[in-house]
file query.cif (mmCIF, C-alpha atoms)
data_protein
#
loop_
_atom_site.label_atom_id
_atom_site.label_comp_id
_atom_site.auth_asym_id
_atom_site.auth_seq_id
_atom_site.Cartn_x
_atom_site.Cartn_y
_atom_site.Cartn_z
CA MET A 433 15.03 38.76 -15.51
CA THR A 434 14.70 37.41 -19.04
CA ILE A 435 11.92 35.17 -20.30
CA PRO A 436 14.04 31.96 -20.29
CA ASP A 437 15.10 32.70 -16.69
CA ALA A 438 11.49 33.17 -15.64
CA THR A 439 10.37 29.94 -17.31
CA SER A 440 13.21 27.94 -15.79
CA SER A 441 12.45 29.28 -12.30
CA ILE A 442 8.74 28.47 -12.75
CA SER A 443 9.70 25.01 -13.99
CA GLN A 444 11.94 24.43 -10.97
CA PHE A 445 9.16 25.60 -8.66
CA LEU A 446 6.64 23.20 -10.26
CA ASP A 447 9.15 20.33 -10.06
CA LYS A 448 9.47 20.91 -6.33
CA LEU A 449 5.71 20.86 -5.99
CA ALA A 450 5.25 17.83 -8.20
CA TYR A 451 7.57 15.31 -6.52
CA ARG A 452 8.70 14.87 -2.92
CA ARG A 453 10.64 12.14 -1.14
CA TYR A 454 10.75 11.38 2.56
CA LEU A 455 12.89 9.11 4.71
CA ARG A 456 12.05 8.31 8.33
CA VAL A 457 13.69 5.72 10.59
CA PHE A 458 12.19 4.57 13.91
CA ALA A 459 13.85 2.37 16.52
CA VAL A 460 11.39 -0.32 17.67
CA GLN A 461 11.15 -3.23 20.09
CA LYS A 462 8.93 -6.33 20.26
CA PRO A 463 5.94 -6.21 19.95
CA VAL A 464 5.38 -3.52 17.34
CA THR A 465 2.69 -2.79 14.76
CA LEU A 466 2.95 -0.74 11.60
CA PHE A 467 -0.33 0.97 10.69
CA VAL A 468 -0.70 2.27 7.12
CA ARG A 469 -3.77 4.21 5.98
CA GLY A 470 -3.55 5.45 2.42
CA SER A 471 -5.39 6.34 -0.73
CA ARG A 472 -4.04 5.71 -4.23
CA CYS A 473 -0.78 4.36 -2.96
CA LYS A 474 1.52 1.43 -3.50
CA VAL A 475 3.09 -0.11 -0.40
CA ILE A 476 6.17 -2.31 -0.72
CA VAL A 477 7.13 -4.20 2.45
CA ASN A 478 10.64 -5.59 2.92
CA TYR A 479 11.66 -7.60 5.97
CA HIS A 480 15.04 -7.31 7.67
CA GLU A 481 16.70 -8.30 10.95
CA LEU A 482 17.26 -4.83 12.39
CA ASP A 483 15.23 -3.39 15.30
CA GLN A 484 14.03 -0.43 13.29
CA ILE A 485 11.37 0.55 10.77
CA GLU A 486 12.57 2.47 7.73
CA ILE A 487 10.03 4.37 5.65
CA TYR A 488 10.81 5.69 2.18
CA ALA A 489 7.88 7.68 0.76
CA SER A 490 7.67 9.17 -2.73
CA LEU A 491 4.77 11.49 -3.48
CA TYR A 492 3.94 12.27 -7.10
CA ALA A 493 2.00 15.49 -7.61
CA ALA A 494 2.72 16.07 -3.93
CA PHE A 495 0.65 19.25 -3.79
CA GLY A 496 -2.42 17.00 -3.76
CA MET A 497 -1.38 14.79 -0.85
CA ARG A 498 -0.71 15.04 2.85
CA LEU A 499 1.70 12.63 4.55
CA VAL A 500 1.84 12.09 8.32
CA ILE A 501 4.27 9.66 9.96
CA GLU A 502 4.30 9.22 13.76
CA GLN A 503 5.34 6.75 16.43
CA ASP A 504 3.97 5.88 19.88
CA GLU A 505 4.29 2.93 22.26
CA ALA A 506 1.93 0.75 20.13
CA GLY A 507 3.76 1.23 16.85
CA VAL A 508 4.37 3.41 13.84
CA TYR A 509 1.59 5.15 11.93
CA ILE A 510 1.62 6.28 8.29
CA VAL A 511 -1.32 8.26 6.92
CA ILE A 512 -1.39 9.35 3.29
CA ARG A 513 -4.41 11.52 2.51
CA ARG A 514 -5.42 12.95 -0.81
CA ARG A 515 -6.75 16.48 -0.89
CA ARG A 516 -10.21 16.95 -2.37
CA PHE A 517 -9.59 18.36 -5.82
CA TRP A 518 -5.82 18.31 -6.26
CA GLY A 519 -5.56 14.77 -4.95
CA THR A 520 -7.00 13.35 -8.15
CA PHE A 521 -3.64 14.04 -9.81
CA SER A 522 -1.58 12.52 -6.99
CA ARG A 523 -0.23 9.10 -6.09
CA SER A 524 2.38 7.74 -3.71
CA ASP A 525 4.84 4.87 -3.41
CA VAL A 526 5.93 3.83 0.06
CA THR A 527 8.72 1.33 0.64
CA ILE A 528 8.91 0.05 4.20
CA HIS A 529 11.65 -2.04 5.81
CA VAL A 530 10.33 -3.77 8.94
CA PRO A 531 11.68 -6.36 11.39
CA PHE A 532 10.42 -9.93 10.99
CA TYR A 533 8.39 -9.66 14.21
CA CYS A 534 6.46 -6.55 13.07
CA ARG A 535 2.68 -6.84 12.73
CA LEU A 536 1.20 -5.06 9.69
CA ALA A 537 -2.18 -3.33 9.57
CA LEU A 538 -2.92 -1.89 6.12
CA ASN A 539 -6.00 0.06 5.10
CA LEU A 540 -5.71 1.17 1.47
CA THR A 541 -8.53 2.77 -0.54
CA PRO A 542 -7.53 1.80 -3.26
CA GLY A 543 -3.97 0.64 -3.20
CA ASP A 544 -1.43 -2.07 -3.96
CA VAL A 545 0.67 -4.12 -1.56
CA GLU A 546 3.85 -5.97 -2.42
CA LEU A 547 5.56 -8.22 0.15
CA GLN A 548 9.22 -9.00 -0.47
CA GLN A 549 11.55 -11.42 1.31
CA LEU A 550 8.66 -13.18 3.03
CA ASN A 551 9.80 -16.28 4.90
CA GLY A 552 6.95 -18.03 6.69
CA ILE A 553 3.19 -18.24 6.73
CA LEU A 554 1.00 -15.39 5.53
CA GLU A 555 -2.69 -15.50 6.41
CA ILE A 556 -5.08 -13.05 4.82
CA PRO A 557 -8.66 -13.19 6.08
CA PRO A 558 -11.44 -12.76 3.51
CA PHE A 559 -12.99 -9.39 2.86
CA ALA A 560 -16.41 -8.80 4.42
CA GLN A 561 -18.17 -8.49 1.04
CA GLN A 562 -16.70 -11.83 -0.03
CA GLN A 563 -18.54 -13.76 2.70
CA ALA A 564 -21.64 -14.19 0.50
CA VAL A 565 -19.54 -15.51 -2.38
CA LYS A 566 -17.76 -17.98 -0.09
CA ALA A 567 -21.09 -19.22 1.29
CA THR A 568 -22.30 -19.80 -2.28
CA PHE A 569 -19.18 -21.79 -3.17
CA ASP A 570 -19.51 -23.84 0.04
CA ALA A 571 -23.13 -24.64 -0.80
CA MET A 572 -22.13 -25.69 -4.32
CA ALA A 573 -19.40 -27.97 -2.96
CA LYS A 574 -21.86 -29.70 -0.61
CA ARG A 575 -24.36 -30.52 -3.38
CA GLU A 576 -24.44 -34.21 -4.07
CA GLU A 577 -25.80 -34.01 -7.57
CA LEU A 578 -23.32 -33.60 -10.38
CA PRO A 579 -24.01 -32.44 -13.93
CA THR A 580 -25.10 -35.40 -16.08
CA SER A 581 -24.09 -34.00 -19.44
CA THR A 582 -20.75 -32.76 -20.66
CA SER A 583 -19.82 -30.63 -23.59
CA PRO A 584 -19.36 -32.45 -26.93
CA ARG A 585 -15.94 -30.80 -27.33
CA LEU A 586 -14.90 -32.17 -23.96
CA LYS A 587 -15.97 -35.72 -24.93
CA SER A 588 -14.05 -35.59 -28.20
CA GLY A 589 -10.88 -34.27 -26.51
CA LYS A 590 -10.55 -31.29 -28.85
#
call {"tool": "encode", "arguments": {"input": "query.cif", "output": "structure tokens"}}
result
Amino acid sequence: MTIPDATSSISQFLDKLAYRRYLRVFAVQKPVTLFVRGSRCKVIVNYHELDQIEIYASLYAAFGMRLVIEQDEAGVYIVIRRRRFWGTFSRSDVTIHVPFYCRLALNLTPGDVELQQLNGILEIPPFAQQQAVKATFDAMAKREELPTSTSPRLKSGK
């Protein structure tokens, strides 16, 4: 084996370790819940009219992550865990196609969520640590006294 052959085989080996893609499709019925627990991941949710959940997962620096996807009678579970040291180099993108009646439960630490093709009402309850901020804003809104002075720039319209 020559040196270029050895380097190309090492390069191919590292490429296989560095990037992995997964596709899983689950047949579902009403009611169903999709549970996602992930770290350093981006989740893109698309809605469709089929009675199935499609999961497309891309792991970058895959040697630092562990992906588990399972289904039971309550729903579909996705867990993306970073390994202790090697996980600092890793990230994942997960694109999910779900039926319109699917309930979503996402727990990302940290992560991004993108909802596409949303048609209807979306309610997001406040985070627990935001309760104190909301109480402060509510108290400010209930105050009857208003500021008596305004900025000189505001008065002049500049």
call {"tool": "resolve_selection", "arguments": {"input": "query.cif", "expression": "the PyMOL selection byres ((chain A and resi 511) around 10)", "output": "PyMOL selection string"}}
result
chain A and resi 467-471+498-502+509-510+512-514+539-540
call {"tool": "atom_distance", "arguments": {"input": "query.cif", "atom1": "CA of Ser490 (chain A)", "atom2": "CA of Arg516 (chain A)"}}
result
19.5 Å
call {"tool": "resolve_selection", "arguments": {"input": "query.cif", "expression": "the PyMOL selection byres ((chain A and resi 504) around 12)", "output": "PyMOL selection string"}}
result
chain A and resi 458-461+464-467+501-503+505-510
call {"tool": "atom_distance", "arguments": {"input": "query.cif", "atom1": "CA of Leu554 (chain A)", "atom2": "CA of Val475 (chain A)"}}
result
16.5 Å
call {"tool": "closest_residue", "arguments": {"input": "query.cif", "among": "A:Ile485, A:Tyr479, A:Ser524, A:Cys473", "to": "Asn551 (chain A)", "atoms": "all atoms listed in the file"}}
result
A:Tyr479
call {"tool": "residues_around", "arguments": {"input": "query.cif", "residues": "Tyr451 (chain A)", "least_positions_apart": "5", "cutoff": "6 Å", "atoms": "only C-alpha atoms", "output": "PyMOL selection string"}}
result
chain A and resi 491-494
call {"tool": "closest_residue", "arguments": {"input": "query.cif", "among": "A:Pro557, A:Gly543, A:Gly552, A:Pro531", "to": "Arg472 (chain A)", "atoms": "all atoms listed in the file"}}
result
A:Gly543
call {"tool": "atom_distance", "arguments": {"input": "query.cif", "atom1": "CA of Ala537 (chain A)", "atom2": "CA of Leu550 (chain A)"}}
result
16.0 Å
call {"tool": "resolve_selection", "arguments": {"input": "query.cif", "expression": "the PyMOL selection byres ((chain A and resi 532) around 8)", "output": "list in words"}}
result
Tyr479, His480, Glu481, Val530, Pro531, Tyr533 and Cys534 of chain A
call {"tool": "closest_residue", "arguments": {"input": "query.cif", "among": "A:Arg452, A:Lys474, A:Gln549, A:Val457", "to": "Phe495 (chain A)", "atoms": "all atoms listed in the file"}}
result
A:Arg452
call {"tool": "residues_around", "arguments": {"input": "query.cif", "residues": "Ile476 (chain A)", "least_positions_apart": "3", "cutoff": "9 Å", "atoms": "only C-alpha atoms", "output": "PyMOL selection string"}}
result
chain A and resi 525-529+544-548
call {"tool": "closest_residue", "arguments": {"input": "query.cif", "among": "A:Asn478, A:Gly496, A:Leu536, A:Pro542", "to": "Ile556 (chain A)", "atoms": "only C-alpha atoms"}}
result
A:Leu536
